[in-house]
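Presented below is the structure to which this report refers.
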Amino acid sequence: MNSKIRAVIAAALLAAAGSASAGGNLVVNGNFATGDFTGWTVGGNNTGFPPAVVTTGSACCFGETVPVDPLTVGSPDPGGTHAVYFVDDHANQTLTQTLTLAAGEYQIGFDAYATHNGFGNPGDADFTATIAGVQLASYSVHQQDDPGVWLNYSGLADVVTGGTYSVSFDFQTFGGASADVLIDRVFVVSSSQSGGTPIGGTGVPEPATLALFALSLVGLGLAARRRQAR
């Protein structure tokens, strides 16, 4: 499906949800408004150009002016004037954040942008985004026919088992001048919608569940002893 169509569908679904989301963004510094990586961990390898928080609305990306993210769907955070720029031509870079989520439904997503100058490079880049266990995007940048356009990727996650979940972005290039990616407005928001991708259903039981399981074992043991006594 064309990425523009995907973005329009995501926007329509979120608009239809309306008041289905409740509360603020659970991702710390999801729109990078601090101007740095507060709340995030940068990993992987770099050969001179690690991921950077750049100022949008200016010539921030090797002379190219990237517009301020104009999208309003999904995240409760505004686009602001900052975004993360993945640009290294010989690297596998990651950006991650860990969240503690209670069981329940969540709206999740982020916005992405491919620069014109990066899109014109002969080398490609693979980009993957996974939020709360749900893979929202995985593509080669040249497969996207939308350089110069902010696109929204959104979905629903049904956290079956409360616990620790990650927000993860992975950017990999293969040598030579390669395509680039920017991200902004990363979000996880509590939602009253249903039908999300089940996450954590086979995870470690929460303490309360373990306590109930232990009590049931004790009860079975007592019942067996009574039968033996009779």
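Ligands are numbered from 1 in the order shown, residues from 1 within each chain, and chains are lettered A, B, ... in the order they appear in the structure tokens.
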
For range 77-90 of chain A, work out the shell of residues within 9 Å, counting only C-alpha atoms and skipping chain neighbours fewer than 6 positions away, then give it as a VMD selection string. chain A and resid 24 to 25 30 to 37 45 to 57 61 67 to 71 118 123 to 125 171 to 187

Can you work out the spacing between CA of Gly133 in chain A and CA of Gly39 in chain A in Å, to one decimal? 18.6 Å

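Considering the residues A:Leu136, A:Val189, A:Val167, A:Cys60 and counting only C-alpha atoms, Pro76 in chain A has its shortest atom-to-atom contact with A:Val189.
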
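Closest approach to Val66 in chain A among A:Ala91, A:Leu101, A:Ile108, A:Ala114: A:Ala114, based on only C-alpha atoms.
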
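Residue nearest Thr100 in chain A within the list A:Thr197, A:Thr65, A:Thr164, A:Asn29: A:Thr164 [criterion: smallest interatomic distance, only C-alpha atoms].
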